[in-house]
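Trainee: Hey, dropping work_37.cif in here, mmCIF, C-alpha atoms (C1' of nucleotides):
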```cif
data_coords
loop_
_atom_site.label_atom_id
_atom_site.label_comp_id
_atom_site.auth_asym_id
_atom_site.auth_seq_id
_atom_site.Cartn_x
_atom_site.Cartn_y
_atom_site.Cartn_z
CA MET D 75 -12.11 -7.86 -11.54
CA ALA D 76 -15.16 -7.83 -13.75
CA ASN D 77 -17.39 -4.85 -13.17
CA GLU D 78 -20.84 -5.82 -14.37
CA ILE D 79 -22.94 -7.78 -11.95
CA CYS D 80 -20.20 -7.55 -9.38
CA PRO D 81 -21.96 -6.90 -6.08
CA VAL D 82 -18.75 -5.92 -4.38
CA ARG D 83 -17.98 -3.06 -6.75
CA ASP D 84 -21.58 -2.01 -6.62
CA VAL D 85 -21.73 -1.94 -2.84
CA ILE D 86 -18.42 -0.12 -2.51
CA ALA D 87 -19.43 2.44 -5.12
CA ARG D 88 -22.60 3.31 -3.24
CA ILE D 89 -20.82 3.72 0.04
CA SER D 90 -17.85 5.66 -1.18
CA ASP D 91 -19.62 8.85 -2.12
CA LYS D 92 -19.02 12.13 -0.39
CA TRP D 93 -21.40 11.73 2.56
CA SER D 94 -22.46 8.12 3.13
CA ILE D 95 -19.56 7.07 5.29
CA LEU D 96 -19.85 10.17 7.44
CA SER D 97 -23.57 9.62 7.88
CA ILE D 98 -23.13 6.00 8.87
CA TYR D 99 -20.33 6.97 11.17
CA ALA D 100 -22.42 9.66 12.88
CA LEU D 101 -25.25 7.22 13.51
CA GLY D 102 -22.81 4.60 14.67
CA ALA D 103 -21.10 6.97 17.07
CA TYR D 104 -24.16 8.73 18.49
CA GLY D 105 -26.93 6.17 18.09
CA LYS D 106 -30.40 7.33 17.18
CA LEU D 107 -30.50 10.88 15.80
CA ARG D 108 -33.10 13.11 14.23
CA PHE D 109 -32.62 14.93 10.97
CA SER D 110 -31.68 18.25 12.53
CA GLU D 111 -29.20 16.59 14.84
CA LEU D 112 -27.54 14.76 11.99
CA ILE D 113 -27.13 17.91 9.98
CA HIS D 114 -25.18 19.43 12.85
CA LYS D 115 -23.02 16.39 13.48
CA ILE D 116 -21.96 16.10 9.86
CA ASP D 117 -19.98 19.21 9.30
CA GLY D 118 -20.61 20.87 5.96
CA ILE D 119 -23.38 18.69 4.61
CA SER D 120 -26.27 20.49 2.95
CA HIS D 121 -29.91 19.98 3.75
CA ARG D 122 -30.49 18.44 0.37
CA MET D 123 -27.57 16.03 0.41
CA LEU D 124 -28.43 14.75 3.84
CA THR D 125 -31.89 13.90 2.56
CA VAL D 126 -30.53 12.21 -0.55
CA THR D 127 -27.87 10.30 1.35
CA LEU D 128 -30.28 9.09 4.00
CA ARG D 129 -32.70 7.90 1.31
CA ASN D 130 -29.97 5.88 -0.37
CA LEU D 131 -28.76 4.35 2.85
CA GLU D 132 -32.30 3.50 3.79
CA GLY D 133 -32.85 2.00 0.34
CA ASP D 134 -29.87 -0.29 0.79
CA GLY D 135 -30.96 -1.34 4.25
CA TYR D 136 -28.25 0.33 6.31
CA ILE D 137 -30.52 2.60 8.29
CA LYS D 138 -34.06 2.65 9.64
CA ARG D 139 -36.23 5.73 9.41
CA THR D 140 -38.93 6.40 11.97
CA VAL D 141 -41.56 9.09 11.58
CA TYR D 142 -43.52 10.35 14.57
CA ALA D 143 -47.00 11.78 14.02
CA GLU D 144 -46.26 15.01 15.76
CA VAL D 145 -46.34 18.70 15.00
CA PRO D 146 -43.76 19.87 14.27
CA PRO D 147 -42.71 16.68 12.54
CA ARG D 148 -40.11 14.50 14.14
CA VAL D 149 -38.10 11.86 12.27
CA ASP D 150 -35.22 9.89 13.50
CA TYR D 151 -32.68 7.58 12.04
CA GLU D 152 -30.68 4.69 13.39
CA LEU D 153 -28.46 1.96 12.00
CA THR D 154 -29.98 -1.42 11.21
CA GLU D 155 -28.20 -4.64 12.01
CA LEU D 156 -26.64 -4.49 8.56
CA GLY D 157 -25.62 -0.92 9.13
CA ARG D 158 -23.95 -1.77 12.40
CA SER D 159 -22.01 -4.61 10.86
CA LEU D 160 -20.79 -2.25 8.13
CA MET D 161 -19.93 0.29 10.79
CA GLN D 162 -17.59 -2.29 12.28
CA GLU D 163 -15.61 -2.45 9.09
CA LEU D 164 -15.59 1.29 8.64
CA SER D 165 -14.24 1.69 12.14
CA GLY D 166 -11.27 -0.35 11.05
CA ILE D 167 -10.42 2.04 8.23
CA ILE D 168 -11.17 5.13 10.28
CA GLY D 169 -8.91 3.88 13.01
CA TRP D 170 -6.26 3.18 10.43
CA ALA D 171 -6.65 6.70 9.02
CA GLU D 172 -6.35 8.20 12.49
CA LYS D 173 -3.14 6.35 13.04
CA ASN D 174 -1.57 7.04 9.66
CA GLY D 175 -3.18 10.33 8.64
CA LYS D 176 -0.42 12.59 9.86
CA GLU D 177 2.24 10.56 8.17
CA ILE D 178 0.36 10.60 4.88
CA LEU D 179 -0.22 14.34 4.92
CA ALA D 180 3.41 14.91 5.78
CA PHE D 181 4.56 12.65 2.96
CA ARG D 182 2.24 14.39 0.53
CA ASN D 183 3.53 17.85 1.37
CA LYS D 184 7.24 17.15 1.32
CA LYS D 185 8.08 17.20 -2.39
CA MET W 96 -16.91 15.81 13.09
CA ALA W 97 -15.09 18.92 12.02
CA ASN W 98 -13.94 18.90 8.47
CA GLU W 99 -11.05 21.29 8.21
CA ILE W 100 -7.68 19.95 9.24
CA CYS W 101 -9.22 16.56 9.84
CA PRO W 102 -6.72 14.06 8.46
CA VAL W 103 -9.22 11.25 8.65
CA ARG W 104 -11.74 12.89 6.36
CA ASP W 105 -8.97 13.92 4.07
CA VAL W 106 -7.48 10.46 3.81
CA ILE W 107 -10.85 8.80 3.32
CA ALA W 108 -11.84 11.32 0.67
CA ARG W 109 -8.73 10.59 -1.38
CA ILE W 110 -9.23 6.86 -1.22
CA SER W 111 -12.93 6.77 -1.89
CA ASP W 112 -12.86 7.97 -5.45
CA LYS W 113 -13.90 5.83 -8.35
CA TRP W 114 -10.65 3.93 -8.96
CA SER W 115 -8.25 4.12 -6.02
CA ILE W 116 -9.60 1.21 -4.07
CA LEU W 117 -9.67 -1.00 -7.14
CA SER W 118 -6.11 -0.06 -8.00
CA ILE W 119 -4.85 -0.78 -4.53
CA TYR W 120 -6.76 -3.99 -4.47
CA ALA W 121 -5.31 -5.10 -7.80
CA LEU W 122 -1.76 -4.47 -6.60
CA GLY W 123 -2.52 -6.16 -3.33
CA ALA W 124 -3.95 -9.21 -4.99
CA TYR W 125 -1.44 -9.63 -7.80
CA GLY W 126 1.71 -8.05 -6.41
CA LYS W 127 3.97 -6.10 -8.73
CA LEU W 128 2.31 -5.14 -12.01
CA ARG W 129 3.19 -3.00 -14.96
CA PHE W 130 0.96 -0.29 -16.35
CA SER W 131 -0.47 -2.40 -19.15
CA GLU W 132 -1.19 -5.25 -16.80
CA LEU W 133 -3.02 -3.01 -14.37
CA ILE W 134 -5.20 -1.59 -17.08
CA HIS W 135 -6.39 -5.08 -17.89
CA LYS W 136 -6.95 -6.13 -14.31
CA ILE W 137 -9.06 -3.09 -13.52
CA ASP W 138 -12.07 -3.58 -15.67
CA GLY W 139 -13.34 -0.42 -17.32
CA ILE W 140 -10.65 2.03 -16.25
CA SER W 141 -9.41 4.43 -18.90
CA HIS W 142 -5.80 5.01 -19.78
CA ARG W 143 -6.01 8.51 -18.40
CA MET W 144 -7.64 7.66 -15.11
CA LEU W 145 -5.19 4.88 -14.39
CA THR W 146 -2.36 7.38 -14.81
CA VAL W 147 -4.05 9.96 -12.62
CA THR W 148 -4.98 7.47 -9.94
CA LEU W 149 -1.51 5.96 -9.79
CA ARG W 150 0.03 9.42 -9.46
CA ASN W 151 -2.22 10.22 -6.53
CA LEU W 152 -1.57 6.95 -4.79
CA GLU W 153 2.13 7.40 -5.32
CA GLY W 154 1.87 10.96 -3.99
CA ASP W 155 0.28 9.72 -0.80
CA GLY W 156 2.83 6.98 -0.36
CA TYR W 157 0.66 3.95 -1.00
CA ILE W 158 2.55 2.67 -4.02
CA LYS W 159 6.06 2.66 -5.39
CA ARG W 160 6.76 3.32 -9.05
CA THR W 161 9.78 1.82 -10.76
CA VAL W 162 10.94 2.85 -14.21
CA TYR W 163 13.27 0.62 -16.21
CA ALA W 164 15.56 2.20 -18.78
CA GLU W 165 14.40 0.01 -21.61
CA VAL W 166 12.87 0.43 -25.00
CA PRO W 167 9.98 0.09 -25.13
CA PRO W 168 9.58 1.63 -21.69
CA ARG W 169 8.70 -0.56 -18.79
CA VAL W 170 7.23 0.73 -15.56
CA ASP W 171 5.89 -1.25 -12.71
CA TYR W 172 3.98 -0.56 -9.58
CA GLU W 173 3.77 -2.22 -6.21
CA LEU W 174 2.32 -1.44 -2.81
CA THR W 175 4.53 0.15 -0.20
CA GLU W 176 4.41 -0.91 3.42
CA LEU W 177 1.79 1.77 3.99
CA GLY W 178 -0.17 0.51 1.00
CA ARG W 179 -0.12 -3.03 2.27
CA SER W 180 -1.35 -1.98 5.68
CA LEU W 181 -4.21 -0.11 4.05
CA MET W 182 -4.89 -3.14 1.89
CA GLN W 183 -5.47 -5.09 5.08
CA GLU W 184 -8.27 -2.77 6.08
CA LEU W 185 -9.76 -2.71 2.62
CA SER W 186 -9.81 -6.48 2.58
CA GLY W 187 -12.09 -6.30 5.57
CA ILE W 188 -14.66 -4.21 3.76
CA ILE W 189 -14.34 -6.15 0.54
CA GLY W 190 -14.88 -9.37 2.41
CA TRP W 191 -17.86 -7.81 4.10
CA ALA W 192 -19.25 -6.71 0.74
CA GLU W 193 -18.78 -10.19 -0.69
CA LYS W 194 -20.72 -11.63 2.17
CA ASN W 195 -23.55 -9.11 2.23
CA GLY W 196 -23.68 -7.91 -1.36
CA LYS W 197 -26.41 -10.25 -2.53
CA GLU W 198 -28.61 -9.39 0.40
CA ILE W 199 -28.19 -5.67 -0.20
CA LEU W 200 -28.98 -5.90 -3.90
CA ALA W 201 -32.02 -8.02 -3.15
CA PHE W 202 -33.22 -5.57 -0.53
CA ARG W 203 -32.70 -2.67 -2.89
CA ASN W 204 -34.72 -4.24 -5.69
CA LYS W 205 -37.70 -5.38 -3.67
CA LYS W 206 -39.69 -2.17 -3.35
"C1'" DC G 187 4.68 0.98 -23.96
"C1'" DA G 188 3.93 4.63 -20.70
"C1'" DG G 189 2.00 8.86 -20.19
"C1'" DG G 190 1.12 13.78 -20.94
"C1'" DA G 191 -2.18 17.39 -23.03
"C1'" DT G 192 -6.77 18.88 -24.75
"C1'" DC G 193 -11.49 18.90 -25.33
"C1'" DC G 194 -15.95 18.14 -23.73
"C1'" DC G 195 -19.90 16.12 -21.51
"C1'" DC G 196 -22.79 14.97 -17.77
"C1'" DG G 197 -23.95 14.11 -13.16
"C1'" DA G 198 -23.03 15.27 -8.31
"C1'" DC G 199 -23.75 18.76 -5.40
"C1'" DG G 200 -24.96 23.44 -3.29
"C1'" DA G 201 -28.32 27.40 -2.92
"C1'" DT G 202 -32.68 28.70 -2.69
"C1'" DA G 203 -37.54 28.72 -2.35
"C1'" DC G 204 -41.80 26.32 -1.35
"C1'" DT G 205 -45.03 22.71 1.25
"C1'" DG G 206 -47.27 19.95 5.08
"C1'" DC X 893 -39.00 20.54 11.52
"C1'" DA X 894 -38.54 17.50 7.69
"C1'" DG X 895 -38.87 17.06 2.99
"C1'" DT X 896 -39.46 18.26 -2.22
"C1'" DA X 897 -38.47 20.82 -6.47
"C1'" DT X 898 -35.83 23.67 -9.45
"C1'" DC X 899 -31.80 25.62 -11.21
"C1'" DG X 900 -26.89 26.53 -11.98
"C1'" DT X 901 -22.10 25.39 -11.34
"C1'" DC X 902 -18.11 22.84 -11.27
"C1'" DG X 903 -15.07 19.17 -11.75
"C1'" DG X 904 -14.56 14.06 -12.44
"C1'" DG X 905 -13.53 11.44 -15.89
"C1'" DG X 906 -13.92 9.51 -20.84
"C1'" DA X 907 -12.22 9.98 -25.81
"C1'" DT X 908 -8.72 11.22 -28.55
"C1'" DC X 909 -4.31 12.62 -30.22
"C1'" DC X 910 0.61 13.43 -29.61
"C1'" DT X 911 5.55 12.44 -27.60
"C1'" DG X 912 9.86 9.88 -26.03
#
```
Could you write out this structure as structure tokens?
Mentor:
Amino acid sequence: MANEICPVRDVIARISDKWSILSIYALGAYGKLRFSELIHKIDGISHRMLTVTLRNLEGDGYIKRTVYAEVPPRVDYELTELGRSLMQELSGIIGWAEKNGKEILAFRNKK
Amino acid sequence: MANEICPVRDVIARISDKWSILSIYALGAYGKLRFSELIHKIDGISHRMLTVTLRNLEGDGYIKRTVYAEVPPRVDYELTELGRSLMQELSGIIGWAEKNGKEILAFRNKK
DNA sequence: CAGGATCCCCGACGATACTG
DNA sequence: CAGTATCGTCGGGGATCCTG
């Protein structure tokens, strides 16, 4: 499990921050969304962090950003092919968490 | 995507820290390991963080800790049934990352 | 050898204010 | 409406030292 130059660790590290998974999930669940819609779907995220997170995800190729030349400005985001394939995997874990979440919380609280 | 009382977000948040996934993965890949073995498998982890991480994982029921009454002390760790089922899901993402990691890094570096 | 306790740094993140 | 810039805080996590 070497760390340097290990793409796997690198990829996982970028995804497993506080907001990336939720952002990908929102786009996966609702399809194309604009900035202001995203900020409402992702409960608790700040303006700033949504911007930062979207930039990172775009930089890694998970999402596509489209700007419309309108006033007021309109920008929307959607998953790329890569993003959708990642979304598949995330769905697996999310489904797992849905199924086992209660049990885990219960276990944690007793003792 | 409400946050409070959402077991899914809670579970994901606990797993997606810097070392939990790697620890689970190490135990999944190598089976039962003692503390000193784990610290060598997980490249770059500090003594302290391995302790903390293992405590959390144990607290959530992912791993089982066994202490032997020997001198010098001997403690080993292994995945529980819950841990192994999570490991299944993680394997999916890790496999995905292995397959797409190069492409992502390349995309990130070009522009 | 396993692991607790302490100290400390730095980066992630939120709040806020400003632009096109 | 979407995005940038600045600032301050707070806690994750590394280094180190001490115990059984």
Trainee: Please identify every residue of chain X that has at least one atom no farther than 9 Å from an atom of chain D, counting only C-alpha atoms (C1' of nucleotides), and for each give the shortest atom pair and the distance in Å to one decimal, arranged by chain then increasing number, as a Markdown table.
Mentor:
```
| residue | atom | partner | partner_atom | distance |
| --- | --- | --- | --- | --- |
| X:DC893 | C1' | D:Pro147 | CA | 5.5 |
| X:DA894 | C1' | D:Pro147 | CA | 6.4 |
| X:DG895 | C1' | D:Thr125 | CA | 7.7 |
```
Trainee: Least-squares fit on all C-alpha atoms, paired in order: put chain D onto chain W and return it as a PDB file with C-alpha atoms, in the coordinates of the input.
Mentor:
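Result file part_24.pdb:
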```pdb
ATOM      1  CA  MET D  75     -16.868  15.764  13.147  1.00  0.00           C
ATOM      2  CA  ALA D  76     -15.039  18.885  12.099  1.00  0.00           C
ATOM      3  CA  ASN D  77     -13.948  18.832   8.493  1.00  0.00           C
ATOM      4  CA  GLU D  78     -11.058  21.249   8.193  1.00  0.00           C
ATOM      5  CA  ILE D  79      -7.683  19.918   9.165  1.00  0.00           C
ATOM      6  CA  CYS D  80      -9.206  16.544   9.845  1.00  0.00           C
ATOM      7  CA  PRO D  81      -6.724  14.019   8.477  1.00  0.00           C
ATOM      8  CA  VAL D  82      -9.229  11.219   8.662  1.00  0.00           C
ATOM      9  CA  ARG D  83     -11.753  12.880   6.368  1.00  0.00           C
ATOM     10  CA  ASP D  84      -8.963  13.913   4.081  1.00  0.00           C
ATOM     11  CA  VAL D  85      -7.496  10.435   3.817  1.00  0.00           C
ATOM     12  CA  ILE D  86     -10.876   8.795   3.309  1.00  0.00           C
ATOM     13  CA  ALA D  87     -11.842  11.330   0.658  1.00  0.00           C
ATOM     14  CA  ARG D  88      -8.730  10.599  -1.372  1.00  0.00           C
ATOM     15  CA  ILE D  89      -9.230   6.881  -1.234  1.00  0.00           C
ATOM     16  CA  SER D  90     -12.918   6.792  -1.918  1.00  0.00           C
ATOM     17  CA  ASP D  91     -12.846   7.974  -5.494  1.00  0.00           C
ATOM     18  CA  LYS D  92     -13.892   5.832  -8.398  1.00  0.00           C
ATOM     19  CA  TRP D  93     -10.632   3.953  -9.000  1.00  0.00           C
ATOM     20  CA  SER D  94      -8.244   4.144  -6.044  1.00  0.00           C
ATOM     21  CA  ILE D  95      -9.603   1.221  -4.097  1.00  0.00           C
ATOM     22  CA  LEU D  96      -9.665  -0.984  -7.172  1.00  0.00           C
ATOM     23  CA  SER D  97      -6.099  -0.042  -8.024  1.00  0.00           C
ATOM     24  CA  ILE D  98      -4.852  -0.765  -4.531  1.00  0.00           C
ATOM     25  CA  TYR D  99      -6.783  -3.981  -4.507  1.00  0.00           C
ATOM     26  CA  ALA D 100      -5.305  -5.108  -7.835  1.00  0.00           C
ATOM     27  CA  LEU D 101      -1.776  -4.469  -6.612  1.00  0.00           C
ATOM     28  CA  GLY D 102      -2.547  -6.146  -3.332  1.00  0.00           C
ATOM     29  CA  ALA D 103      -3.992  -9.211  -5.011  1.00  0.00           C
ATOM     30  CA  TYR D 104      -1.453  -9.638  -7.813  1.00  0.00           C
ATOM     31  CA  GLY D 105       1.695  -8.049  -6.417  1.00  0.00           C
ATOM     32  CA  LYS D 106       3.959  -6.103  -8.720  1.00  0.00           C
ATOM     33  CA  LEU D 107       2.303  -5.128 -12.009  1.00  0.00           C
ATOM     34  CA  ARG D 108       3.201  -2.975 -14.968  1.00  0.00           C
ATOM     35  CA  PHE D 109       0.973  -0.282 -16.365  1.00  0.00           C
ATOM     36  CA  SER D 110      -0.442  -2.388 -19.176  1.00  0.00           C
ATOM     37  CA  GLU D 111      -1.171  -5.245 -16.820  1.00  0.00           C
ATOM     38  CA  LEU D 112      -2.990  -2.989 -14.405  1.00  0.00           C
ATOM     39  CA  ILE D 113      -5.174  -1.566 -17.114  1.00  0.00           C
ATOM     40  CA  HIS D 114      -6.359  -5.070 -17.932  1.00  0.00           C
ATOM     41  CA  LYS D 115      -6.932  -6.115 -14.343  1.00  0.00           C
ATOM     42  CA  ILE D 116      -9.051  -3.082 -13.551  1.00  0.00           C
ATOM     43  CA  ASP D 117     -12.055  -3.555 -15.708  1.00  0.00           C
ATOM     44  CA  GLY D 118     -13.297  -0.384 -17.355  1.00  0.00           C
ATOM     45  CA  ILE D 119     -10.624   2.054 -16.277  1.00  0.00           C
ATOM     46  CA  SER D 120      -9.357   4.434 -18.937  1.00  0.00           C
ATOM     47  CA  HIS D 121      -5.743   5.008 -19.811  1.00  0.00           C
ATOM     48  CA  ARG D 122      -5.920   8.511 -18.458  1.00  0.00           C
ATOM     49  CA  MET D 123      -7.583   7.690 -15.158  1.00  0.00           C
ATOM     50  CA  LEU D 124      -5.155   4.918 -14.408  1.00  0.00           C
ATOM     51  CA  THR D 125      -2.327   7.402 -14.821  1.00  0.00           C
ATOM     52  CA  VAL D 126      -4.030   9.991 -12.636  1.00  0.00           C
ATOM     53  CA  THR D 127      -4.974   7.478  -9.966  1.00  0.00           C
ATOM     54  CA  LEU D 128      -1.512   5.967  -9.813  1.00  0.00           C
ATOM     55  CA  ARG D 129       0.028   9.435  -9.479  1.00  0.00           C
ATOM     56  CA  ASN D 130      -2.228  10.245  -6.545  1.00  0.00           C
ATOM     57  CA  LEU D 131      -1.577   6.971  -4.804  1.00  0.00           C
ATOM     58  CA  GLU D 132       2.120   7.414  -5.331  1.00  0.00           C
ATOM     59  CA  GLY D 133       1.879  10.968  -4.002  1.00  0.00           C
ATOM     60  CA  ASP D 134       0.269   9.732  -0.806  1.00  0.00           C
ATOM     61  CA  GLY D 135       2.826   6.990  -0.355  1.00  0.00           C
ATOM     62  CA  TYR D 136       0.640   3.961  -1.007  1.00  0.00           C
ATOM     63  CA  ILE D 137       2.519   2.686  -4.019  1.00  0.00           C
ATOM     64  CA  LYS D 138       6.048   2.659  -5.400  1.00  0.00           C
ATOM     65  CA  ARG D 139       6.759   3.330  -9.045  1.00  0.00           C
ATOM     66  CA  THR D 140       9.780   1.821 -10.745  1.00  0.00           C
ATOM     67  CA  VAL D 141      10.969   2.839 -14.188  1.00  0.00           C
ATOM     68  CA  TYR D 142      13.298   0.614 -16.186  1.00  0.00           C
ATOM     69  CA  ALA D 143      15.606   2.201 -18.757  1.00  0.00           C
ATOM     70  CA  GLU D 144      14.460   0.006 -21.563  1.00  0.00           C
ATOM     71  CA  VAL D 145      12.960   0.382 -25.000  1.00  0.00           C
ATOM     72  CA  PRO D 146      10.057   0.048 -25.127  1.00  0.00           C
ATOM     73  CA  PRO D 147       9.645   1.605 -21.710  1.00  0.00           C
ATOM     74  CA  ARG D 148       8.740  -0.581 -18.799  1.00  0.00           C
ATOM     75  CA  VAL D 149       7.255   0.718 -15.541  1.00  0.00           C
ATOM     76  CA  ASP D 150       5.901  -1.241 -12.710  1.00  0.00           C
ATOM     77  CA  TYR D 151       3.990  -0.541  -9.583  1.00  0.00           C
ATOM     78  CA  GLU D 152       3.762  -2.215  -6.218  1.00  0.00           C
ATOM     79  CA  LEU D 153       2.300  -1.428  -2.818  1.00  0.00           C
ATOM     80  CA  THR D 154       4.516   0.169  -0.191  1.00  0.00           C
ATOM     81  CA  GLU D 155       4.396  -0.884   3.422  1.00  0.00           C
ATOM     82  CA  LEU D 156       1.751   1.772   3.979  1.00  0.00           C
ATOM     83  CA  GLY D 157      -0.178   0.537   1.002  1.00  0.00           C
ATOM     84  CA  ARG D 158      -0.144  -3.011   2.274  1.00  0.00           C
ATOM     85  CA  SER D 159      -1.379  -1.975   5.680  1.00  0.00           C
ATOM     86  CA  LEU D 160      -4.246  -0.087   4.028  1.00  0.00           C
ATOM     87  CA  MET D 161      -4.922  -3.114   1.873  1.00  0.00           C
ATOM     88  CA  GLN D 162      -5.502  -5.068   5.067  1.00  0.00           C
ATOM     89  CA  GLU D 163      -8.307  -2.770   6.055  1.00  0.00           C
ATOM     90  CA  LEU D 164      -9.798  -2.723   2.596  1.00  0.00           C
ATOM     91  CA  SER D 165      -9.844  -6.495   2.579  1.00  0.00           C
ATOM     92  CA  GLY D 166     -12.088  -6.317   5.596  1.00  0.00           C
ATOM     93  CA  ILE D 167     -14.678  -4.218   3.786  1.00  0.00           C
ATOM     94  CA  ILE D 168     -14.375  -6.169   0.558  1.00  0.00           C
ATOM     95  CA  GLY D 169     -14.906  -9.380   2.437  1.00  0.00           C
ATOM     96  CA  TRP D 170     -17.880  -7.832   4.147  1.00  0.00           C
ATOM     97  CA  ALA D 171     -19.287  -6.725   0.782  1.00  0.00           C
ATOM     98  CA  GLU D 172     -18.822 -10.210  -0.639  1.00  0.00           C
ATOM     99  CA  LYS D 173     -20.749 -11.663   2.226  1.00  0.00           C
ATOM    100  CA  ASN D 174     -23.566  -9.128   2.281  1.00  0.00           C
ATOM    101  CA  GLY D 175     -23.697  -7.936  -1.327  1.00  0.00           C
ATOM    102  CA  LYS D 176     -26.435 -10.257  -2.479  1.00  0.00           C
ATOM    103  CA  GLU D 177     -28.631  -9.412   0.440  1.00  0.00           C
ATOM    104  CA  ILE D 178     -28.206  -5.694  -0.153  1.00  0.00           C
ATOM    105  CA  LEU D 179     -29.003  -5.893  -3.848  1.00  0.00           C
ATOM    106  CA  ALA D 180     -32.030  -8.018  -3.096  1.00  0.00           C
ATOM    107  CA  PHE D 181     -33.247  -5.570  -0.468  1.00  0.00           C
ATOM    108  CA  ARG D 182     -32.728  -2.665  -2.836  1.00  0.00           C
ATOM    109  CA  ASN D 183     -34.755  -4.236  -5.623  1.00  0.00           C
ATOM    110  CA  LYS D 184     -37.734  -5.416  -3.625  1.00  0.00           C
ATOM    111  CA  LYS D 185     -39.814  -2.256  -3.226  1.00  0.00           C
TER     112      LYS D 185
END
```
Trainee: Go through the shown structure with the PyMOL selection byres ((chain G) within 12 of (chain W)) and write out the matching residues as a ChimeraX atom specification.
Mentor: /G:187-191
Trainee: Return as a PyMOL selection string the set of residues that the PyMOL selection byres ((chain W) within 7 of (chain D)) yields on the displayed structure.
Mentor: chain W and resi 96-98+102-103+106+111-112+136-138+154-156+184+187-189+192-193+196-197+199+202-203
Trainee: Taking only C-alpha atoms into account, which of W:Gly178, W:Ala164, W:Ile158, W:Tyr172 comes nearest Ile134 in chain W?
Mentor: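 Smallest distance to Ile134 in chain W is found for W:Tyr172.
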Trainee: Do you know which residues the PyMOL selection byres ((chain X and resi 909) around 9) returns on this file, as a PyMOL selection string?
Mentor: (chain G and resi 191-192) or (chain X and resi 908+910)
Trainee: Please measure the separation of CA of Glu152 in chain D and CA of Arg129 in chain D, giving the value in Å to one decimal.
Mentor: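 A separation of 12.7 Å between them.
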Trainee: Would you mind listing, for every residue of chain X within 9 Å of range 199-206 of chain G, the two atoms forming the shortest contact and the distance between them in Å to one decimal, using all atoms listed in the file, sorted by chain and ascending residue number, as a tab-separated table?
Mentor:
```
residue	atom	partner	partner_atom	distance
X:DG895	C1'	G:DT205	C1'	8.5
X:DT896	C1'	G:DT205	C1'	7.9
X:DA897	C1'	G:DC204	C1'	8.2
X:DT898	C1'	G:DA203	C1'	8.9
X:DT901	C1'	G:DG200	C1'	8.8
```
Trainee: What separation in Å, quoted to one decimal, exists between CA of Leu149 in chain W and CA of Ser118 in chain W?
Mentor: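 It comes out at 7.8 Å.
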Trainee: Rounded to one decimal place, report the CA of Ser141 in chain W-CA of Glu176 in chain W distance in Å.
Mentor: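 So the answer is 26.8 Å.
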